[in-house]
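This is input_1.txt (compact mmCIF, C-alpha atoms).
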```
# COMPACT_ATOMS: atom_id res chain seq x y z
CA MET A 1 -17.35 20.81 -1.75
CA ASP A 2 -17.38 21.49 1.99
CA MET A 3 -14.96 18.93 3.37
CA ASN A 4 -16.07 19.66 6.92
CA ARG A 5 -19.51 18.34 5.98
CA LEU A 6 -18.04 15.25 4.33
CA VAL A 7 -15.58 14.37 7.12
CA ASP A 8 -16.29 15.42 10.71
CA ASP A 9 -13.38 13.71 12.45
CA LYS A 10 -13.99 15.56 15.72
CA ASN A 11 -17.37 13.81 16.08
CA GLY A 12 -16.48 10.62 14.22
CA LEU A 13 -18.84 11.10 11.27
CA VAL A 14 -18.06 10.44 7.59
CA SER A 15 -20.41 11.10 4.68
CA ARG A 16 -21.20 8.15 2.43
CA ARG A 17 -20.85 10.45 -0.56
CA ILE A 18 -17.05 10.14 -0.48
CA PHE A 19 -17.28 6.45 -1.36
CA ILE A 20 -19.57 6.63 -4.36
CA GLU A 21 -19.74 10.01 -6.13
CA PRO A 22 -17.73 10.37 -9.37
CA ASP A 23 -16.88 14.06 -8.84
CA ILE A 24 -15.28 13.28 -5.49
CA TYR A 25 -13.34 10.40 -7.02
CA GLN A 26 -11.94 12.63 -9.78
CA LEU A 27 -10.85 15.15 -7.17
CA GLU A 28 -9.09 12.34 -5.26
CA LEU A 29 -7.03 11.48 -8.33
CA GLU A 30 -5.92 15.10 -8.59
CA ARG A 31 -5.38 16.06 -4.96
CA ILE A 32 -4.33 12.75 -3.36
CA PHE A 33 -2.91 10.35 -5.93
CA ALA A 34 -1.14 13.05 -7.95
CA ARG A 35 0.45 14.52 -4.78
CA CYS A 36 1.16 11.80 -2.22
CA TRP A 37 4.10 9.42 -2.13
CA LEU A 38 2.87 6.12 -3.63
CA PHE A 39 4.47 2.66 -3.52
CA LEU A 40 5.87 1.42 -6.83
CA CYS A 41 7.77 -1.83 -6.27
CA HIS A 42 10.43 -3.57 -4.20
CA GLU A 43 14.10 -3.74 -5.12
CA SER A 44 13.88 -7.55 -5.37
CA GLN A 45 11.53 -7.09 -8.34
CA ILE A 46 14.11 -5.15 -10.39
CA PRO A 47 17.47 -6.54 -9.22
CA ARG A 48 19.50 -6.30 -12.48
CA PRO A 49 20.32 -3.50 -14.93
CA GLY A 50 17.60 -3.45 -17.59
CA ASP A 51 14.91 -4.89 -15.29
CA PHE A 52 11.55 -3.12 -15.38
CA PHE A 53 8.19 -3.29 -13.61
CA THR A 54 4.94 -1.65 -14.76
CA THR A 55 2.47 -0.29 -12.23
CA TYR A 56 0.14 2.67 -11.56
CA MET A 57 0.07 5.86 -9.54
CA GLY A 58 -3.64 6.46 -9.21
CA GLU A 59 -4.85 5.76 -12.75
CA ASP A 60 -1.63 6.96 -14.37
CA PRO A 61 0.40 4.03 -15.79
CA VAL A 62 4.02 4.07 -14.60
CA LEU A 63 7.16 2.28 -15.79
CA VAL A 64 9.85 1.58 -13.17
CA ILE A 65 13.26 0.75 -14.64
CA ARG A 66 16.72 -0.09 -13.40
CA ASP A 67 18.61 1.40 -16.33
CA THR A 68 21.72 0.00 -17.98
CA ALA A 69 23.91 1.95 -15.54
CA GLY A 70 22.03 0.48 -12.55
CA GLN A 71 20.07 3.60 -11.58
CA VAL A 72 16.37 3.16 -10.74
CA ARG A 73 14.07 5.53 -12.61
CA ALA A 74 10.31 5.93 -12.98
CA PHE A 75 8.35 7.44 -15.87
CA LEU A 76 4.81 7.71 -17.15
CA ASN A 77 4.32 4.54 -19.20
CA VAL A 78 3.05 6.67 -22.08
CA CYS A 79 4.57 7.30 -25.51
CA ARG A 80 5.08 11.02 -26.09
CA HIS A 81 3.82 10.86 -29.70
CA ARG A 82 0.14 9.84 -29.51
CA GLY A 83 -0.05 8.77 -25.88
CA ASN A 84 -0.30 5.02 -26.41
CA ARG A 85 0.76 2.76 -23.56
CA LEU A 86 4.45 2.19 -24.19
CA CYS A 87 5.26 -1.04 -22.34
CA ARG A 88 2.58 -3.75 -22.34
CA ALA A 89 4.47 -6.33 -20.24
CA ASP A 90 4.21 -6.56 -16.44
CA THR A 91 7.93 -7.21 -15.93
CA GLY A 92 11.02 -8.02 -17.97
CA ASN A 93 14.49 -6.91 -18.97
CA THR A 94 15.37 -4.69 -21.91
CA ALA A 95 17.63 -1.89 -23.09
CA THR A 96 14.87 -0.12 -25.05
CA PHE A 97 11.10 0.25 -25.29
CA THR A 98 9.32 0.66 -28.65
CA CYS A 99 5.77 1.95 -29.01
CA ALA A 100 3.46 -0.41 -30.92
CA TYR A 101 1.69 2.48 -32.70
CA HIS A 102 4.36 4.41 -34.64
CA GLY A 103 7.59 2.84 -33.48
CA TRP A 104 9.04 5.61 -31.34
CA THR A 105 11.82 3.99 -29.28
CA TYR A 106 13.12 5.00 -25.85
CA ARG A 107 16.24 3.92 -23.98
CA ASN A 108 15.81 2.48 -20.50
CA ASP A 109 16.97 5.82 -19.08
CA GLY A 110 13.93 7.49 -20.67
CA ARG A 111 15.62 9.23 -23.61
CA LEU A 112 13.97 9.13 -27.02
CA SER A 113 16.47 7.26 -29.22
CA GLY A 114 14.60 6.20 -32.33
CA VAL A 115 11.98 7.87 -34.56
CA PRO A 116 11.03 6.12 -37.83
CA TYR A 117 11.62 8.24 -40.92
CA LEU A 118 13.14 11.04 -38.89
CA LYS A 119 14.62 12.63 -42.04
CA GLU A 120 11.62 12.14 -44.34
CA ALA A 121 8.79 12.82 -41.85
CA TYR A 122 10.38 15.40 -39.55
CA HIS A 123 13.10 16.78 -41.85
CA ASP A 124 15.61 16.13 -39.03
CA GLU A 125 13.98 18.92 -37.01
CA LEU A 126 12.42 16.93 -34.14
CA ASP A 127 14.12 17.76 -30.84
CA ARG A 128 14.49 14.27 -29.41
CA GLU A 129 15.95 15.61 -26.14
CA ARG A 130 12.64 17.36 -25.50
CA TRP A 131 10.44 14.33 -26.17
CA GLY A 132 11.81 11.74 -23.78
CA LEU A 133 9.57 9.91 -21.31
CA VAL A 134 7.95 12.02 -18.57
CA PRO A 135 9.66 11.28 -15.22
CA VAL A 136 7.98 11.30 -11.83
CA ALA A 137 8.72 14.43 -9.81
CA GLN A 138 10.48 12.57 -6.98
CA LEU A 139 11.63 8.96 -6.55
CA ASP A 140 13.17 7.44 -3.44
CA ASP A 141 13.37 4.16 -1.57
CA TYR A 142 13.08 3.15 2.05
CA LYS A 143 14.56 -0.21 3.05
CA GLY A 144 14.16 -1.51 -0.50
CA LEU A 145 10.62 -0.14 -0.99
CA PHE A 146 10.48 2.31 -3.90
CA PHE A 147 8.02 5.20 -3.68
CA ALA A 148 7.37 8.12 -6.02
CA THR A 149 5.30 11.29 -6.19
CA PHE A 150 4.22 13.57 -9.04
CA ASP A 151 4.47 16.58 -6.69
CA ARG A 152 7.76 18.48 -6.81
CA GLU A 153 6.79 20.31 -3.63
CA ALA A 154 6.06 17.16 -1.61
CA PRO A 155 8.28 16.66 1.46
CA PRO A 156 11.09 14.08 1.19
CA LEU A 157 9.96 10.47 1.58
CA ARG A 158 11.56 9.97 4.99
CA GLU A 159 9.82 13.09 6.30
CA TYR A 160 6.53 11.95 4.76
CA LEU A 161 6.76 8.59 6.57
CA GLY A 162 7.63 10.18 9.93
CA GLU A 163 7.34 7.83 12.89
CA ALA A 164 5.75 5.20 10.64
CA ALA A 165 9.26 4.45 9.32
CA TRP A 166 10.27 2.41 12.37
CA TYR A 167 7.13 0.30 12.00
CA LEU A 168 8.05 -0.36 8.37
CA ASP A 169 11.43 -1.53 9.70
CA SER A 170 9.62 -4.06 11.89
CA PHE A 171 8.09 -5.60 8.75
CA PHE A 172 10.81 -5.17 6.14
CA ASP A 173 14.14 -4.76 7.95
CA ARG A 174 14.01 -7.25 10.83
CA ARG A 175 17.16 -9.07 9.72
CA GLN A 176 20.30 -8.32 7.79
CA GLY A 177 19.50 -8.21 4.07
CA GLY A 178 15.89 -7.12 4.49
CA VAL A 179 13.13 -8.94 2.61
CA GLU A 180 12.32 -10.26 -0.83
CA PHE A 181 9.05 -10.89 -2.65
CA VAL A 182 8.17 -14.50 -3.48
CA GLY A 183 5.45 -16.15 -5.55
CA GLY A 184 4.81 -13.36 -8.03
CA THR A 185 1.99 -10.81 -8.07
CA HIS A 186 -1.64 -11.58 -7.31
CA LYS A 187 -4.10 -9.19 -8.97
CA TRP A 188 -7.86 -9.05 -8.74
CA VAL A 189 -10.67 -6.49 -8.93
CA MET A 190 -13.17 -5.80 -6.17
CA PRO A 191 -16.45 -3.87 -6.59
CA CYS A 192 -15.67 -1.49 -3.74
CA ASN A 193 -14.20 1.95 -3.06
CA TRP A 194 -10.43 1.90 -2.44
CA LYS A 195 -10.75 3.62 0.94
CA PHE A 196 -12.59 0.71 2.59
CA PRO A 197 -9.67 -1.77 2.35
CA ALA A 198 -7.12 0.98 3.11
CA GLU A 199 -8.89 1.96 6.34
CA ASN A 200 -9.45 -1.70 7.26
CA PHE A 201 -5.73 -2.50 7.22
CA ALA A 202 -5.04 0.80 8.98
CA GLY A 203 -6.68 -0.33 12.16
CA ASP A 204 -9.84 -2.44 12.07
CA GLY A 205 -9.26 -5.08 14.71
CA TYR A 206 -12.95 -4.89 15.58
CA HIS A 207 -14.31 -6.88 12.63
CA VAL A 208 -12.14 -9.97 12.98
CA SER A 209 -14.04 -11.91 15.63
CA TRP A 210 -17.26 -11.48 13.59
CA SER A 211 -16.21 -11.59 9.95
CA HIS A 212 -13.34 -14.09 10.21
CA LEU A 213 -14.39 -16.39 13.06
CA SER A 214 -14.94 -19.40 10.80
CA ALA A 215 -11.52 -18.93 9.19
CA VAL A 216 -9.85 -18.66 12.59
CA ARG A 217 -11.56 -21.84 13.79
CA THR A 218 -10.27 -23.77 10.77
CA GLY A 219 -6.72 -22.91 11.81
CA SER A 220 -6.08 -20.05 9.39
CA GLY A 221 -5.36 -17.54 12.16
CA GLY A 222 -4.29 -17.33 15.77
CA ASP A 223 -6.59 -16.98 18.76
CA PHE A 224 -5.24 -13.47 19.39
CA ARG A 225 -7.57 -12.26 16.64
CA VAL A 226 -10.78 -13.11 18.50
CA LYS A 227 -10.06 -11.96 22.03
CA PRO A 228 -9.27 -8.57 23.57
CA ASP A 229 -5.59 -7.80 24.04
CA ALA A 230 -4.97 -5.41 26.94
CA GLN A 231 -1.53 -4.54 25.54
CA GLY A 232 -2.65 -4.16 21.93
CA ARG A 233 -2.70 -0.67 20.44
CA ALA A 234 -4.07 1.29 17.50
CA LEU A 235 -1.42 3.84 16.53
CA SER A 236 -1.91 6.93 14.35
CA PHE A 237 1.23 8.85 13.32
CA GLY A 238 -0.13 11.78 11.34
CA ASN A 239 -0.15 12.17 7.55
CA GLY A 240 -2.87 9.49 7.57
CA HIS A 241 -0.46 6.63 8.40
CA SER A 242 -1.56 4.01 10.95
CA ILE A 243 -0.49 0.70 12.51
CA MET A 244 -2.04 -1.91 14.79
CA THR A 245 0.05 -3.79 17.35
CA VAL A 246 -0.45 -6.70 19.72
CA GLY A 247 1.20 -7.14 23.11
CA PRO A 248 4.88 -8.11 23.08
CA ASP A 249 4.17 -11.61 24.41
CA MET A 250 1.20 -12.30 22.15
CA GLU A 251 1.75 -15.00 19.52
CA ALA A 252 0.77 -13.35 16.25
CA ASP A 253 2.51 -15.30 13.51
CA PRO A 254 1.11 -17.83 11.06
CA PRO A 255 0.25 -20.92 13.18
CA LEU A 256 2.77 -23.13 11.35
CA PRO A 257 5.44 -25.09 13.26
CA GLU A 258 8.35 -24.09 11.01
CA VAL A 259 7.36 -20.42 11.12
CA LEU A 260 6.88 -20.33 14.90
CA ALA A 261 10.24 -22.03 15.45
CA TYR A 262 11.91 -19.56 13.09
CA GLU A 263 10.37 -16.54 14.85
CA ALA A 264 11.53 -17.79 18.25
CA GLN A 265 15.04 -18.32 16.87
CA ILE A 266 15.45 -14.83 15.41
CA LEU A 267 13.80 -12.89 18.26
CA PRO A 268 17.10 -11.87 19.96
CA GLU A 269 18.46 -10.62 16.62
CA MET A 270 15.27 -8.64 15.98
CA GLN A 271 15.34 -7.06 19.43
CA GLU A 272 18.93 -5.96 18.98
CA ARG A 273 18.26 -4.63 15.47
CA LEU A 274 14.96 -2.83 16.15
CA GLY A 275 15.60 -1.61 19.69
CA GLY A 276 13.50 -1.22 22.80
CA ARG A 277 10.30 -0.17 21.08
CA LEU A 278 9.78 -3.77 19.95
CA ARG A 279 9.32 -4.74 23.61
CA LEU A 280 6.28 -2.46 23.80
CA GLY A 281 4.31 -4.36 21.16
CA LYS A 282 4.42 -6.28 17.88
CA PRO A 283 3.21 -4.43 14.74
CA ILE A 284 0.78 -6.66 12.85
CA ALA A 285 -0.96 -4.50 10.21
CA GLY A 286 -0.99 -0.99 8.87
CA THR A 287 -1.47 1.47 6.01
CA VAL A 288 0.86 4.11 4.66
CA PHE A 289 -1.50 6.78 3.35
CA PRO A 290 -3.13 6.59 0.96
CA ASN A 291 -3.11 3.04 -0.46
CA PHE A 292 -0.10 0.94 0.66
CA SER A 293 -0.95 -1.68 3.31
CA MET A 294 0.88 -4.50 5.07
CA LEU A 295 -0.06 -7.48 7.22
CA ARG A 296 1.97 -9.90 9.31
CA PRO A 297 -0.33 -12.48 11.00
CA THR A 298 -1.49 -15.60 9.11
CA SER A 299 0.76 -14.54 6.21
CA ARG A 300 3.27 -11.87 5.21
CA THR A 301 1.47 -9.75 2.63
CA ILE A 302 1.61 -6.22 1.30
CA ARG A 303 -1.10 -4.58 -0.75
CA VAL A 304 -1.61 -1.68 -3.11
CA TRP A 305 -5.25 -0.63 -3.50
CA HIS A 306 -5.28 0.82 -7.03
CA PRO A 307 -8.37 3.03 -7.58
CA ARG A 308 -10.41 2.15 -10.66
CA GLY A 309 -13.43 4.39 -10.16
CA PRO A 310 -15.51 5.25 -7.10
CA ASP A 311 -16.90 1.71 -6.89
CA LYS A 312 -13.97 -0.41 -8.10
CA THR A 313 -10.54 -1.30 -6.69
CA GLU A 314 -7.80 -3.35 -8.33
CA VAL A 315 -5.77 -5.16 -5.67
CA TRP A 316 -2.10 -5.98 -6.18
CA ALA A 317 -0.71 -8.29 -3.50
CA TRP A 318 2.65 -9.88 -2.76
CA VAL A 319 4.07 -12.23 -0.14
CA PHE A 320 7.32 -11.04 1.40
CA VAL A 321 9.85 -13.04 3.42
CA ASP A 322 13.14 -12.35 5.15
CA LYS A 323 15.93 -12.92 2.65
CA ALA A 324 17.83 -14.77 5.35
CA ALA A 325 14.94 -17.15 6.15
CA PRO A 326 15.49 -20.84 5.32
CA PRO A 327 13.73 -22.28 2.25
CA GLU A 328 11.13 -24.22 4.25
CA VAL A 329 9.99 -21.02 6.00
CA LYS A 330 9.76 -19.11 2.73
CA LYS A 331 7.67 -21.89 1.22
CA ALA A 332 5.35 -22.07 4.23
CA LEU A 333 4.75 -18.31 4.14
CA ARG A 334 4.16 -18.32 0.40
CA LEU A 335 1.51 -21.04 0.71
CA ALA A 336 -0.09 -19.36 3.72
CA GLY A 337 -0.36 -16.13 1.74
CA ALA A 338 -2.24 -17.88 -1.07
CA ARG A 339 -4.52 -19.88 1.22
CA VAL A 340 -5.45 -17.09 3.62
CA PHE A 341 -5.00 -13.73 1.87
CA GLY A 342 -4.91 -14.67 -1.80
CA PRO A 343 -7.89 -13.70 -3.98
CA GLY A 344 -9.64 -16.93 -2.97
CA GLY A 345 -8.25 -16.98 0.59
CA THR A 346 -10.25 -17.83 3.67
CA PHE A 347 -9.89 -14.31 5.12
CA GLU A 348 -9.84 -12.40 1.86
CA GLN A 349 -13.28 -13.50 0.69
CA ASP A 350 -14.86 -12.30 3.94
CA ASP A 351 -13.32 -8.87 3.55
CA MET A 352 -14.22 -8.46 -0.11
CA ASP A 353 -17.87 -9.24 0.63
CA ASN A 354 -17.97 -6.63 3.42
CA TRP A 355 -16.30 -3.88 1.37
CA GLN A 356 -18.56 -4.57 -1.61
CA GLY A 357 -21.64 -4.27 0.58
CA CYS A 358 -20.43 -1.03 2.20
CA THR A 359 -19.87 0.51 -1.23
CA GLN A 360 -23.01 -0.64 -3.01
CA THR A 361 -25.46 0.40 -0.30
CA GLY A 362 -24.11 3.93 -0.73
CA LEU A 363 -25.70 4.05 -4.18
CA GLY A 364 -29.04 4.65 -2.49
CA VAL A 365 -30.17 8.27 -2.46
CA VAL A 366 -31.67 8.01 1.01
CA ALA A 367 -28.77 5.96 2.40
CA ARG A 368 -26.36 8.75 1.45
CA ARG A 369 -28.25 11.16 3.69
CA TYR A 370 -26.98 9.37 6.76
CA PRO A 371 -23.32 9.50 7.83
CA LEU A 372 -21.22 6.51 8.80
CA ASN A 373 -20.26 6.09 12.46
CA TYR A 374 -16.56 6.31 13.32
CA GLU A 375 -17.04 7.16 17.01
CA MET A 376 -15.29 4.16 18.58
CA GLY A 377 -12.78 5.35 21.18
CA LEU A 378 -13.52 8.99 20.43
CA GLY A 379 -11.78 11.25 22.97
CA LEU A 380 -9.89 8.37 24.60
CA GLU A 381 -6.78 8.57 22.42
CA ARG A 382 -3.55 9.81 23.97
CA PHE A 383 -0.15 10.61 22.56
CA ASP A 384 2.38 7.98 23.59
CA GLU A 385 5.93 9.35 23.34
CA ASP A 386 7.49 5.88 23.56
CA LEU A 387 5.43 4.67 20.60
CA GLY A 388 5.62 7.95 18.70
CA ALA A 389 1.91 8.00 17.94
CA LEU A 390 -1.60 8.81 19.03
CA ALA A 391 -2.47 5.55 20.80
CA SER A 392 -5.72 3.74 21.64
CA ASP A 393 -6.04 0.66 23.81
CA TYR A 394 -6.97 -2.91 22.89
CA ARG A 395 -6.81 -2.33 19.10
CA TYR A 396 -10.55 -1.68 19.38
CA SER A 397 -10.75 1.95 18.30
CA GLU A 398 -11.49 4.01 15.23
CA SER A 399 -8.82 6.56 16.09
CA ASN A 400 -6.74 5.33 13.14
CA HIS A 401 -9.74 5.64 10.83
CA ARG A 402 -10.36 9.21 11.97
CA GLY A 403 -6.70 10.01 11.34
CA PHE A 404 -6.95 8.50 7.85
CA TYR A 405 -10.02 10.56 6.92
CA ARG A 406 -8.67 13.69 8.60
CA ARG A 407 -5.68 13.57 6.26
CA TRP A 408 -7.95 12.73 3.31
CA ALA A 409 -10.07 15.82 4.01
CA GLN A 410 -7.03 18.07 4.45
CA LEU A 411 -5.63 17.12 1.06
CA MET A 412 -9.00 17.29 -0.67
CA ALA A 413 -9.59 20.80 0.70
CA ASP A 414 -6.12 22.03 -0.25
CA ALA A 415 -6.27 23.18 -3.85
```

Since I need it in another form, could you write the structure as structure tokens?
Amino acid sequence: MDMNRLVDDKNGLVSRRIFIEPDIYQLELERIFARCWLFLCHESQIPRPGDFFTTYMGEDPVLVIRDTAGQVRAFLNVCRHRGNRLCRADTGNTATFTCAYHGWTYRNDGRLSGVPYLKEAYHDELDRERWGLVPVAQLDDYKGLFFATFDREAPPLREYLGEAAWYLDSFFDRRQGGVEFVGGTHKWVMPCNWKFPAENFAGDGYHVSWSHLSAVRTGSGGDFRVKPDAQGRALSFGNGHSIMTVGPDMEADPPLPEVLAYEAQILPEMQERLGGRLRLGKPIAGTVFPNFSMLRPTSRTIRVWHPRGPDKTEVWAWVFVDKAAPPEVKKALRLAGARVFGPGGTFEQDDMDNWQGCTQTGLGVVARRYPLNYEMGLGLERFDEDLGALASDYRYSESNHRGFYRRWAQLMADA
């Protein structure tokens, strides 16, 4: 495949083939999801020894465990005998995992500890040290967010994040103690390609005043969403990571009295903790390439866009809150997350409909002959040293999208 024909970031053109063709999707699993750092879970989801959380890296099932000694580990959630899924539960606490097929048992540090009829069936010759669970190549956390990669040659996580790390701080490390997840996990499936929601959170401020106007008018979102913001920015950091910001004086929190009062109260603490960059703008949404997204206005939500084929995405969503926030603020944010960005939320339904339409029209043979237009703001970006990113004004730009697909094409072309 000629990636230059599929993604022409210099002219802002992207082929529709990359959203619908099975061969391209299979290559994505190999060259992107098996190589990039991917989000697994938050430390608040596995706080105690023995706690576990099951998730995916691409389409590979993964088991994240805080073992009996307190160390966090991550393995393929696959029994080494016949390859059955080992752990069927979403979360829990255990010292061992036993496969439902033949009863092979593994400790929560990944070692194979039990094999039925070891003497009779294997004549005591099975090397159990060799047949433990398959670990990820690298595992690390940043401010309580655990990421992993299957690529031993991948750069360290902190290097991979680059300048995007400070912007993660502005979401997840605003106060002492960081954040916690509340309200459990929301999961649903959308008939769309995973890249459409990932690029949307990366920097699509342009759609809001059209797609979400009715939701904004009902009080689900602030007025900042539907008017230009001269101090707003679209920021692209390299490696495909992007963030959107609003001006420092723009009110961009859920329009709830208890939340607005709380934000005003903690502002001096945040400014001292995060430094002068916070006075240049408020981060409101973003994507860590390839499929980890976050959003601050109207709710506090993070997303993982799990690929399930070229035309299907499984969404996993959580509401996060400052650990130090009072109970009434945590409750208000939890409810706002369900009402606005839950699977039946006022904003969420608009987005799902758009992404479905963008994917399904690409099934047409003739439609795929014509590229998609990502020209907005082309040539007007500039590197802003204070913000540490390639910056575009007003949040109305597709610079972040071009950066996302530039990185996509680089990885897809690199065998």

Residues near A:Thr105, cut-off 8 Å, all atoms listed in the file, skip fewer than 3 positions along chain, as a PyMOL selection string: chain A and resi 96-99+112-115

Output C-alpha atoms for every residue in the selection just made, as a PDB file, in the frame of the given file.
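This went into result21.pdb:
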```pdb
ATOM      1  CA  THR A  96      14.870  -0.120 -25.050  1.00  0.00           C
ATOM      2  CA  PHE A  97      11.100   0.250 -25.290  1.00  0.00           C
ATOM      3  CA  THR A  98       9.320   0.660 -28.650  1.00  0.00           C
ATOM      4  CA  CYS A  99       5.770   1.950 -29.010  1.00  0.00           C
ATOM      5  CA  LEU A 112      13.970   9.130 -27.020  1.00  0.00           C
ATOM      6  CA  SER A 113      16.470   7.260 -29.220  1.00  0.00           C
ATOM      7  CA  GLY A 114      14.600   6.200 -32.330  1.00  0.00           C
ATOM      8  CA  VAL A 115      11.980   7.870 -34.560  1.00  0.00           C
TER       9      VAL A 115
END
```

Measuring between all atoms listed in the file, which one of A:His306, A:His207, A:Arg339, A:Arg300 shows the shortest distance to A:Arg395? A:His207

Taking into account only C-alpha atoms, which residue in the set A:Met352, A:Arg402, A:Phe201, A:Gly183 is nearest to A:Arg334?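 Checking each candidate against A:Arg334, we get A:Gly183 as the closest.
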
At a cut-off of 10 Å, using all atoms listed in the file, what residues contact A:Gln71? Leave out same-chain residues fewer than 4 positions from it and give the result as a list in words. Arg48, Pro49, Gly50, Ile65, Arg66, Asp67, Asn108 and Asp109 of chain A

Of the residues A:Phe53, A:Tyr394, A:Trp188, A:Trp37, which is the one nearest to A:Arg158, using only C-alpha atoms?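 Using only C-alpha atoms, the shortest distance to A:Arg158 belongs to A:Trp37.
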